[in-house]
Amino acid sequence: MKAITRTKYGSPEVLELKEIPKPLPKDNELLIRVHATTVNRTDCGILTGKPYIIRVFVGLTKPRHLVPGTDFAGIVEGLGKNVKKFKVGDRVWGLHDEGFCSQAEYMTLAEDKAVIKIPEKFSCQEVVACAEGAHYALTFIKKFNIDSDTNVLVNGATGAIGSAAIQLLKHKGAWVTAVANTKNIDLINSLGVDRTYDYQKEDFTKDDKRYDFILDTVVKSSFHKCEPLLKPKGIYVSSELGPNAQNLCLPLLTKIKGGKRVKFPIPSNCKKSLEFMSTILAEGKFKPVIDRVYTPEQIKKAYTYVASGQKTGNVIINFNSKATD
Ligand SMILES: NC(=O)c1ccc[n+]([C@@H]2O[C@H](COP(=O)([O-])OP(=O)(O)OC[C@H]3O[C@@H](n4cnc5c(N)ncnc54)[C@H](OP(=O)(O)O)[C@@H]3O)[C@@H](O)[C@H]2O)c1
């Protein structure tokens, strides 16, 4: 089968498209024909092995898995003899942020991992665009108590995390201000935000409005810059370590000090996120945002684009060009 492979940490240049043996499912595993997977920021972190702390989870000296890929959508083509919850022909999608070997034509996976059925009427590309970014957005939003009086500012509203976060916050009833580039203002308006800031024309930190929560999804700002915008008990949540890894220490320091707080949530329970996303997709309450679709042959280009930090929503790799979905 065709698979993306790499045997060391490095830039997209270490990636190679190769023929490798098709995996065989163990007794408790599904054999899945992958139709779509994304290249996301977690994949880029695992590719470079940076920040170094990530290597504790994905391999200390070299990547633990030959094949990269953290999410997938496809069709069950084979079953181990003990599999109970799935059958051949089921359309399934999944996510695992420590690596799923999903950037290949086939993958195997235990049925009790983060894999669920795709809701009817949604394509593999649509659901896979609701996996990684939405999972992180849900993790961050869980840190807030939200009702219709809650004011939230999302910086980086057009990334995979940001574009999911603004929709999930609106779904919960919050009043949402979003910060984005000129070219994406129409997009974020179409996702239902209440107010926009064009970061190429205005500095949102000069805003005179005060927020209950600030979600800095791309860490182009910092707690110190955002602090004046927070209400007295306001919370700043970041998706990354920030300058000098300050977002690791600030949660404790601000908790001791009292008042405005920093939180740095650690994502967990991918399966719960997939189930929640399936429900709101089926209810028509979430729009997947897809930027570009690449072929496996274009994998280096795809990683280079994602690592540039300029993608809008999600970048997909189409592993089955003959698939109709
Ligand atoms: N904590 C974790 O476990 C974890 C996991 C995954 C990702 N992350 C991190 O979370 C961050 C976001 O991930 P993501 O997948 O959402 O990223 P992404 O999709 O790569 O984000 C790209 C977006 O960032 C926006 N952007 C770039 N410069 C900006 C600026 N100065 N102000 C506001 N927006 C700006 C771009 O918008 P425009 O096109 O409008 O410029 C683009 O849409 C990344 O830094 C990633 O490394 C953390």
# chains A, B, ... in the order shown; residues from 1 in each chain; ligands from 1
>>> residues_around(residues="Ile214 in chain A", least_positions_apart="3", cutoff="8 Å", atoms="only C-alpha atoms", output="ChimeraX atom specification")
/A:152-155,211,226,230,234-237
>>> residues_around(residues="range 250-262 of chain A", least_positions_apart="3", cutoff="12 Å", atoms="only C-alpha atoms", output="compact mmCIF listing (two decimals) with N, CA and C atoms, in the first residue's frame")
# COMPACT_ATOMS: atom_id res chain seq x y z
N PHE A 140 -10.43 23.61 25.29
CA PHE A 140 -10.21 24.95 25.84
C PHE A 140 -11.53 25.53 26.37
N LYS A 143 -13.01 24.97 29.83
CA LYS A 143 -12.46 25.72 30.97
C LYS A 143 -13.32 26.94 31.31
N PHE A 144 -14.31 27.25 30.46
CA PHE A 144 -15.14 28.44 30.68
C PHE A 144 -16.56 28.04 31.07
N ARG A 210 -14.61 44.83 27.74
CA ARG A 210 -13.93 43.91 28.67
C ARG A 210 -14.52 42.51 28.52
N TYR A 211 -13.65 41.50 28.60
CA TYR A 211 -14.04 40.13 28.28
C TYR A 211 -13.96 39.21 29.50
N ASP A 212 -14.87 38.21 29.50
CA ASP A 212 -14.81 37.17 30.54
C ASP A 212 -13.68 36.20 30.20
N PHE A 213 -13.53 35.93 28.89
CA PHE A 213 -12.51 34.97 28.46
C PHE A 213 -11.82 35.47 27.20
N ILE A 214 -10.53 35.21 27.11
CA ILE A 214 -9.80 35.43 25.86
C ILE A 214 -9.14 34.10 25.49
N LEU A 215 -9.44 33.65 24.28
CA LEU A 215 -8.86 32.40 23.79
C LEU A 215 -7.86 32.78 22.71
N ASP A 216 -6.57 32.59 23.02
CA ASP A 216 -5.50 32.96 22.08
C ASP A 216 -5.07 31.69 21.37
N SER A 222 -0.24 37.58 24.12
CA SER A 222 0.25 36.99 25.37
C SER A 222 -0.69 37.44 26.49
N PHE A 223 -0.57 36.80 27.65
CA PHE A 223 -1.42 37.18 28.79
C PHE A 223 -1.19 38.66 29.12
N HIS A 224 0.06 39.11 29.11
CA HIS A 224 0.34 40.49 29.54
C HIS A 224 -0.29 41.51 28.61
N CYS A 226 -3.01 40.92 26.80
CA CYS A 226 -4.47 40.77 26.86
C CYS A 226 -5.05 41.12 28.24
N GLU A 227 -4.19 41.15 29.26
CA GLU A 227 -4.66 41.34 30.65
C GLU A 227 -5.59 42.55 30.80
N PRO A 228 -5.24 43.74 30.22
CA PRO A 228 -6.13 44.90 30.41
C PRO A 228 -7.53 44.70 29.84
N LEU A 229 -7.68 43.75 28.89
CA LEU A 229 -8.99 43.53 28.27
C LEU A 229 -9.87 42.60 29.10
N LEU A 230 -9.28 41.94 30.09
CA LEU A 230 -10.06 40.96 30.87
C LEU A 230 -10.82 41.63 32.00
N LYS A 231 -12.03 41.14 32.28
CA LYS A 231 -12.78 41.58 33.46
C LYS A 231 -12.00 41.13 34.71
N PRO A 232 -12.33 41.65 35.91
CA PRO A 232 -11.51 41.33 37.11
C PRO A 232 -11.29 39.84 37.36
N LYS A 233 -12.28 39.00 37.02
CA LYS A 233 -12.09 37.54 37.22
C LYS A 233 -11.93 36.83 35.87
N GLY A 234 -11.53 37.59 34.84
CA GLY A 234 -11.43 37.04 33.48
C GLY A 234 -10.32 36.00 33.34
N ILE A 235 -10.47 35.17 32.31
CA ILE A 235 -9.52 34.06 32.11
C ILE A 235 -8.91 34.13 30.71
N TYR A 236 -7.58 33.97 30.63
CA TYR A 236 -6.86 33.89 29.36
C TYR A 236 -6.46 32.43 29.15
N VAL A 237 -6.84 31.88 27.99
CA VAL A 237 -6.47 30.50 27.67
C VAL A 237 -5.62 30.51 26.41
N SER A 238 -4.52 29.76 26.44
CA SER A 238 -3.63 29.73 25.31
C SER A 238 -3.46 28.29 24.82
N SER A 239 -3.19 28.15 23.51
CA SER A 239 -3.02 26.81 22.94
C SER A 239 -1.55 26.39 22.91
N LEU A 241 2.79 27.11 24.53
CA LEU A 241 3.57 27.46 25.72
C LEU A 241 3.80 28.97 25.84
N GLY A 242 3.86 29.68 24.70
CA GLY A 242 4.07 31.13 24.73
C GLY A 242 5.53 31.48 24.95
N PRO A 243 5.85 32.83 24.99
CA PRO A 243 7.25 33.25 25.15
C PRO A 243 7.85 32.68 26.44
N ASN A 244 9.04 32.10 26.35
CA ASN A 244 9.74 31.48 27.49
C ASN A 244 8.87 30.47 28.23
N ALA A 245 8.02 29.78 27.50
CA ALA A 245 7.12 28.76 28.09
C ALA A 245 6.31 29.32 29.26
N GLN A 246 6.00 30.64 29.21
CA GLN A 246 5.36 31.28 30.36
C GLN A 246 3.97 30.72 30.65
N ASN A 247 3.31 30.14 29.63
CA ASN A 247 1.95 29.65 29.88
C ASN A 247 1.91 28.38 30.72
N PRO A 265 -4.94 24.34 29.21
CA PRO A 265 -5.57 23.01 29.31
C PRO A 265 -4.80 21.94 28.54
>>> closest_atom_pairs(of="chain A", to="ligand 1", cutoff="7 Å", atoms="only C-alpha atoms and all ligand atoms", output="JSON lines")
{"residue": "A:Asn40", "atom": "CA", "partner": "ligand 1", "partner_atom_place_in_ligand_line": "15 (O)", "distance": 5.9}
{"residue": "A:Arg41", "atom": "CA", "partner": "ligand 1", "partner_atom_place_in_ligand_line": "7 (C)", "distance": 4.8}
{"residue": "A:Thr42", "atom": "CA", "partner": "ligand 1", "partner_atom_place_in_ligand_line": "6 (C)", "distance": 4.7}
{"residue": "A:Gly133", "atom": "CA", "partner": "ligand 1", "partner_atom_place_in_ligand_line": "15 (O)", "distance": 5.6}
{"residue": "A:Tyr136", "atom": "CA", "partner": "ligand 1", "partner_atom_place_in_ligand_line": "5 (C)", "distance": 6.4}
{"residue": "A:Asn155", "atom": "CA", "partner": "ligand 1", "partner_atom_place_in_ligand_line": "33 (C)", "distance": 5.3}
{"residue": "A:Gly156", "atom": "CA", "partner": "ligand 1", "partner_atom_place_in_ligand_line": "34 (N)", "distance": 3.4}
{"residue": "A:Ala157", "atom": "CA", "partner": "ligand 1", "partner_atom_place_in_ligand_line": "34 (N)", "distance": 6.5}
{"residue": "A:Thr158", "atom": "CA", "partner": "ligand 1", "partner_atom_place_in_ligand_line": "43 (O)", "distance": 3.9}
{"residue": "A:Gly159", "atom": "CA", "partner": "ligand 1", "partner_atom_place_in_ligand_line": "19 (O)", "distance": 3.2}
{"residue": "A:Ala160", "atom": "CA", "partner": "ligand 1", "partner_atom_place_in_ligand_line": "16 (O)", "distance": 3.8}
{"residue": "A:Ile161", "atom": "CA", "partner": "ligand 1", "partner_atom_place_in_ligand_line": "16 (O)", "distance": 3.7}
{"residue": "A:Gly162", "atom": "CA", "partner": "ligand 1", "partner_atom_place_in_ligand_line": "16 (O)", "distance": 5.4}
{"residue": "A:Val179", "atom": "CA", "partner": "ligand 1", "partner_atom_place_in_ligand_line": "33 (C)", "distance": 5.8}
{"residue": "A:Ala180", "atom": "CA", "partner": "ligand 1", "partner_atom_place_in_ligand_line": "40 (O)", "distance": 4.4}
{"residue": "A:Asn181", "atom": "CA", "partner": "ligand 1", "partner_atom_place_in_ligand_line": "40 (O)", "distance": 3.5}
{"residue": "A:Thr182", "atom": "CA", "partner": "ligand 1", "partner_atom_place_in_ligand_line": "40 (O)", "distance": 6.8}
{"residue": "A:Lys183", "atom": "CA", "partner": "ligand 1", "partner_atom_place_in_ligand_line": "40 (O)", "distance": 6.6}
{"residue": "A:Asn184", "atom": "CA", "partner": "ligand 1", "partner_atom_place_in_ligand_line": "40 (O)", "distance": 5.4}
{"residue": "A:Tyr199", "atom": "CA", "partner": "ligand 1", "partner_atom_place_in_ligand_line": "32 (N)", "distance": 6.0}
{"residue": "A:Thr217", "atom": "CA", "partner": "ligand 1", "partner_atom_place_in_ligand_line": "12 (C)", "distance": 4.9}
{"residue": "A:Val218", "atom": "CA", "partner": "ligand 1", "partner_atom_place_in_ligand_line": "11 (C)", "distance": 4.2}
{"residue": "A:Val219", "atom": "CA", "partner": "ligand 1", "partner_atom_place_in_ligand_line": "45 (O)", "distance": 6.2}
{"residue": "A:Lys220", "atom": "CA", "partner": "ligand 1", "partner_atom_place_in_ligand_line": "31 (N)", "distance": 5.1}
{"residue": "A:Ser239", "atom": "CA", "partner": "ligand 1", "partner_atom_place_in_ligand_line": "1 (N)", "distance": 4.3}
{"residue": "A:Glu240", "atom": "CA", "partner": "ligand 1", "partner_atom_place_in_ligand_line": "1 (N)", "distance": 5.0}
{"residue": "A:Ile266", "atom": "CA", "partner": "ligand 1", "partner_atom_place_in_ligand_line": "3 (O)", "distance": 6.6}
{"residue": "A:Pro267", "atom": "CA", "partner": "ligand 1", "partner_atom_place_in_ligand_line": "3 (O)", "distance": 6.3}
{"residue": "A:Val306", "atom": "CA", "partner": "ligand 1", "partner_atom_place_in_ligand_line": "20 (O)", "distance": 5.8}
{"residue": "A:Ala307", "atom": "CA", "partner": "ligand 1", "partner_atom_place_in_ligand_line": "20 (O)", "distance": 6.8}
{"residue": "A:Gly309", "atom": "CA", "partner": "ligand 1", "partner_atom_place_in_ligand_line": "20 (O)", "distance": 4.0}
{"residue": "A:Gln310", "atom": "CA", "partner": "ligand 1", "partner_atom_place_in_ligand_line": "42 (C)", "distance": 4.3}
{"residue": "A:Lys311", "atom": "CA", "partner": "ligand 1", "partner_atom_place_in_ligand_line": "22 (C)", "distance": 4.9}
{"residue": "A:Thr312", "atom": "CA", "partner": "ligand 1", "partner_atom_place_in_ligand_line": "43 (O)", "distance": 4.1}
{"residue": "A:Gly313", "atom": "CA", "partner": "ligand 1", "partner_atom_place_in_ligand_line": "19 (O)", "distance": 5.3}
{"residue": "A:Asn314", "atom": "CA", "partner": "ligand 1", "partner_atom_place_in_ligand_line": "19 (O)", "distance": 6.6}
>>> write_last_selection(atoms="N, CA and C atoms", output="tab-separated table (two decimals), in the first residue's frame")
chain	number	residue	atom	x	y	z
A	40	ASN	N	-2.15	18.52	10.22
A	40	ASN	CA	-2.50	19.55	11.19
A	40	ASN	C	-1.27	19.96	12.00
A	41	ARG	N	-1.49	20.90	12.94
A	41	ARG	CA	-0.35	21.44	13.68
A	41	ARG	C	0.23	20.39	14.64
A	42	THR	N	-0.60	19.45	15.07
A	42	THR	CA	-0.07	18.37	15.91
A	42	THR	C	0.88	17.51	15.07
A	133	GLY	N	-8.67	20.21	15.26
A	133	GLY	CA	-8.91	21.59	15.73
A	133	GLY	C	-10.11	21.65	16.65
A	136	TYR	N	-9.29	20.31	20.18
A	136	TYR	CA	-8.58	21.29	21.03
A	136	TYR	C	-9.51	22.43	21.43
A	155	ASN	N	-8.58	35.12	19.45
A	155	ASN	CA	-7.52	35.60	18.57
A	155	ASN	C	-7.03	34.40	17.74
A	156	GLY	N	-6.91	34.60	16.42
A	156	GLY	CA	-6.55	33.47	15.55
A	156	GLY	C	-7.81	32.69	15.18
A	157	ALA	N	-8.87	33.43	14.85
A	157	ALA	CA	-10.19	32.81	14.68
A	157	ALA	C	-10.34	32.00	13.41
A	158	THR	N	-9.32	32.01	12.54
A	158	THR	CA	-9.48	31.30	11.26
A	158	THR	C	-8.62	30.04	11.17
A	159	GLY	N	-7.89	29.70	12.23
A	159	GLY	CA	-7.14	28.45	12.23
A	159	GLY	C	-8.09	27.28	12.45
A	160	ALA	N	-7.51	26.07	12.51
A	160	ALA	CA	-8.35	24.89	12.76
A	160	ALA	C	-9.01	25.01	14.14
A	161	ILE	N	-8.24	25.44	15.14
A	161	ILE	CA	-8.82	25.57	16.49
A	161	ILE	C	-9.77	26.77	16.52
A	162	GLY	N	-9.32	27.90	15.98
A	162	GLY	CA	-10.12	29.13	16.05
A	162	GLY	C	-11.46	29.01	15.33
A	179	VAL	N	-10.76	37.77	15.97
A	179	VAL	CA	-9.66	38.52	15.34
A	179	VAL	C	-9.13	37.70	14.17
A	180	ALA	N	-9.08	38.33	12.97
A	180	ALA	CA	-8.62	37.61	11.77
A	180	ALA	C	-8.02	38.60	10.77
A	181	ASN	N	-7.48	38.02	9.73
A	181	ASN	CA	-6.87	38.74	8.62
A	181	ASN	C	-7.97	39.29	7.69
A	182	THR	N	-7.69	40.39	6.98
A	182	THR	CA	-8.69	41.00	6.06
A	182	THR	C	-9.37	39.96	5.17
A	183	LYS	N	-8.54	39.05	4.59
A	183	LYS	CA	-9.10	38.12	3.61
A	183	LYS	C	-10.10	37.14	4.23
A	184	ASN	N	-10.08	37.01	5.55
A	184	ASN	CA	-10.95	36.02	6.19
A	184	ASN	C	-12.11	36.62	6.99
A	199	TYR	N	-6.85	42.13	12.03
A	199	TYR	CA	-5.56	42.40	12.69
A	199	TYR	C	-4.58	43.13	11.78
A	217	THR	N	-5.74	31.36	20.27
A	217	THR	CA	-5.53	30.04	19.66
A	217	THR	C	-4.22	29.94	18.90
A	218	VAL	N	-3.65	31.07	18.46
A	218	VAL	CA	-2.41	30.97	17.69
A	218	VAL	C	-1.22	31.60	18.43
A	219	VAL	N	-1.46	32.04	19.65
A	219	VAL	CA	-0.42	32.63	20.50
A	219	VAL	C	0.39	33.69	19.77
A	220	LYS	N	-0.32	34.57	19.10
A	220	LYS	CA	0.32	35.74	18.49
A	220	LYS	C	0.26	36.88	19.49
A	239	SER	N	-3.19	28.15	23.51
A	239	SER	CA	-3.02	26.81	22.94
A	239	SER	C	-1.55	26.39	22.91
A	240	GLU	N	-0.66	27.30	23.28
A	240	GLU	CA	0.78	26.98	23.19
A	240	GLU	C	1.51	27.48	24.42
A	266	ILE	N	-4.76	20.74	29.09
A	266	ILE	CA	-4.14	19.59	28.40
A	266	ILE	C	-5.28	18.79	27.76
A	267	PRO	N	-5.27	18.66	26.42
A	267	PRO	CA	-6.37	17.95	25.77
A	267	PRO	C	-6.41	16.46	26.15
A	306	VAL	N	1.14	23.93	6.05
A	306	VAL	CA	0.55	23.92	7.41
A	306	VAL	C	1.54	24.52	8.41
A	307	ALA	N	2.82	24.16	8.28
A	307	ALA	CA	3.83	24.67	9.22
A	307	ALA	C	4.00	26.19	9.09
A	309	GLY	N	1.78	28.32	9.32
A	309	GLY	CA	0.86	29.00	10.24
A	309	GLY	C	-0.14	29.89	9.52
A	310	GLN	N	-0.30	29.71	8.22
A	310	GLN	CA	-1.19	30.57	7.44
A	310	GLN	C	-2.40	29.84	6.86
A	311	LYS	N	-2.59	28.57	7.24
A	311	LYS	CA	-3.76	27.89	6.67
A	311	LYS	C	-5.04	28.45	7.28
A	312	THR	N	-6.12	28.24	6.56
A	312	THR	CA	-7.44	28.65	7.06
A	312	THR	C	-8.22	27.37	7.34
A	313	GLY	N	-8.54	27.11	8.59
A	313	GLY	CA	-9.24	25.86	8.92
A	313	GLY	C	-8.33	24.67	8.72
A	314	ASN	N	-8.74	23.76	7.81
A	314	ASN	CA	-8.08	22.45	7.71
A	314	ASN	C	-7.49	22.17	6.34
>>> atom_distance(atom1="CA of Lys301 in chain A", atom2="CA of Arg91 in chain A")
28.2 Å
>>> closest_residue(among="A:Pro21, A:Gly192, A:Gly74, A:Pro296", to="Ala174 in chain A", atoms="only C-alpha atoms")
A:Gly192
>>> closest_atom_pairs(of="range 277-322 of chain A", to="range 10-14 of chain A", cutoff="10 Å", atoms="only C-alpha atoms", output="JSON lines")
{"residue": "A:Ile299", "atom": "CA", "partner": "A:Pro12", "partner_atom": "CA", "distance": 8.0}
{"residue": "A:Lys300", "atom": "CA", "partner": "A:Pro12", "partner_atom": "CA", "distance": 5.1}
{"residue": "A:Lys301", "atom": "CA", "partner": "A:Pro12", "partner_atom": "CA", "distance": 7.9}
{"residue": "A:Ala302", "atom": "CA", "partner": "A:Pro12", "partner_atom": "CA", "distance": 8.7}
{"residue": "A:Tyr303", "atom": "CA", "partner": "A:Pro12", "partner_atom": "CA", "distance": 6.0}
{"residue": "A:Thr304", "atom": "CA", "partner": "A:Pro12", "partner_atom": "CA", "distance": 6.3}
{"residue": "A:Tyr305", "atom": "CA", "partner": "A:Pro12", "partner_atom": "CA", "distance": 10.0}
{"residue": "A:Ala307", "atom": "CA", "partner": "A:Pro12", "partner_atom": "CA", "distance": 9.1}
>>> residues_around(residues="range 27-39 of chain A", least_positions_apart="6", cutoff="9 Å", atoms="only C-alpha atoms", output="ChimeraX atom specification")
/A:69-84,86-88,92,102-112,124-125,128-129,131-132,293,299,302-303,306,314-321,323,325
>>> select_by_dssp(residues="range 198-280 of chain A", states="strand (DSSP E or B)", output="list in words")
Asp198, Tyr211, Asp212, Phe213, Ile214, Leu215, Asp216, Leu230, Lys231, Pro232, Lys233, Gly234, Ile235, Tyr236, Val237, Ser238, Arg261, Val262 and Lys263 of chain A
>>> atom_distance(atom1="CA of Asn145 in chain A", atom2="CA of Val176 in chain A")
14.1 Å
>>> closest_residue(among="A:Leu169, A:Leu138, A:Ile46, A:Arg6", to="Leu60 in chain A", atoms="only C-alpha atoms")
A:Ile46
>>> atom_distance(atom1="CA of Thr205 in chain A", atom2="CA of Asp186 in chain A")
21.6 Å
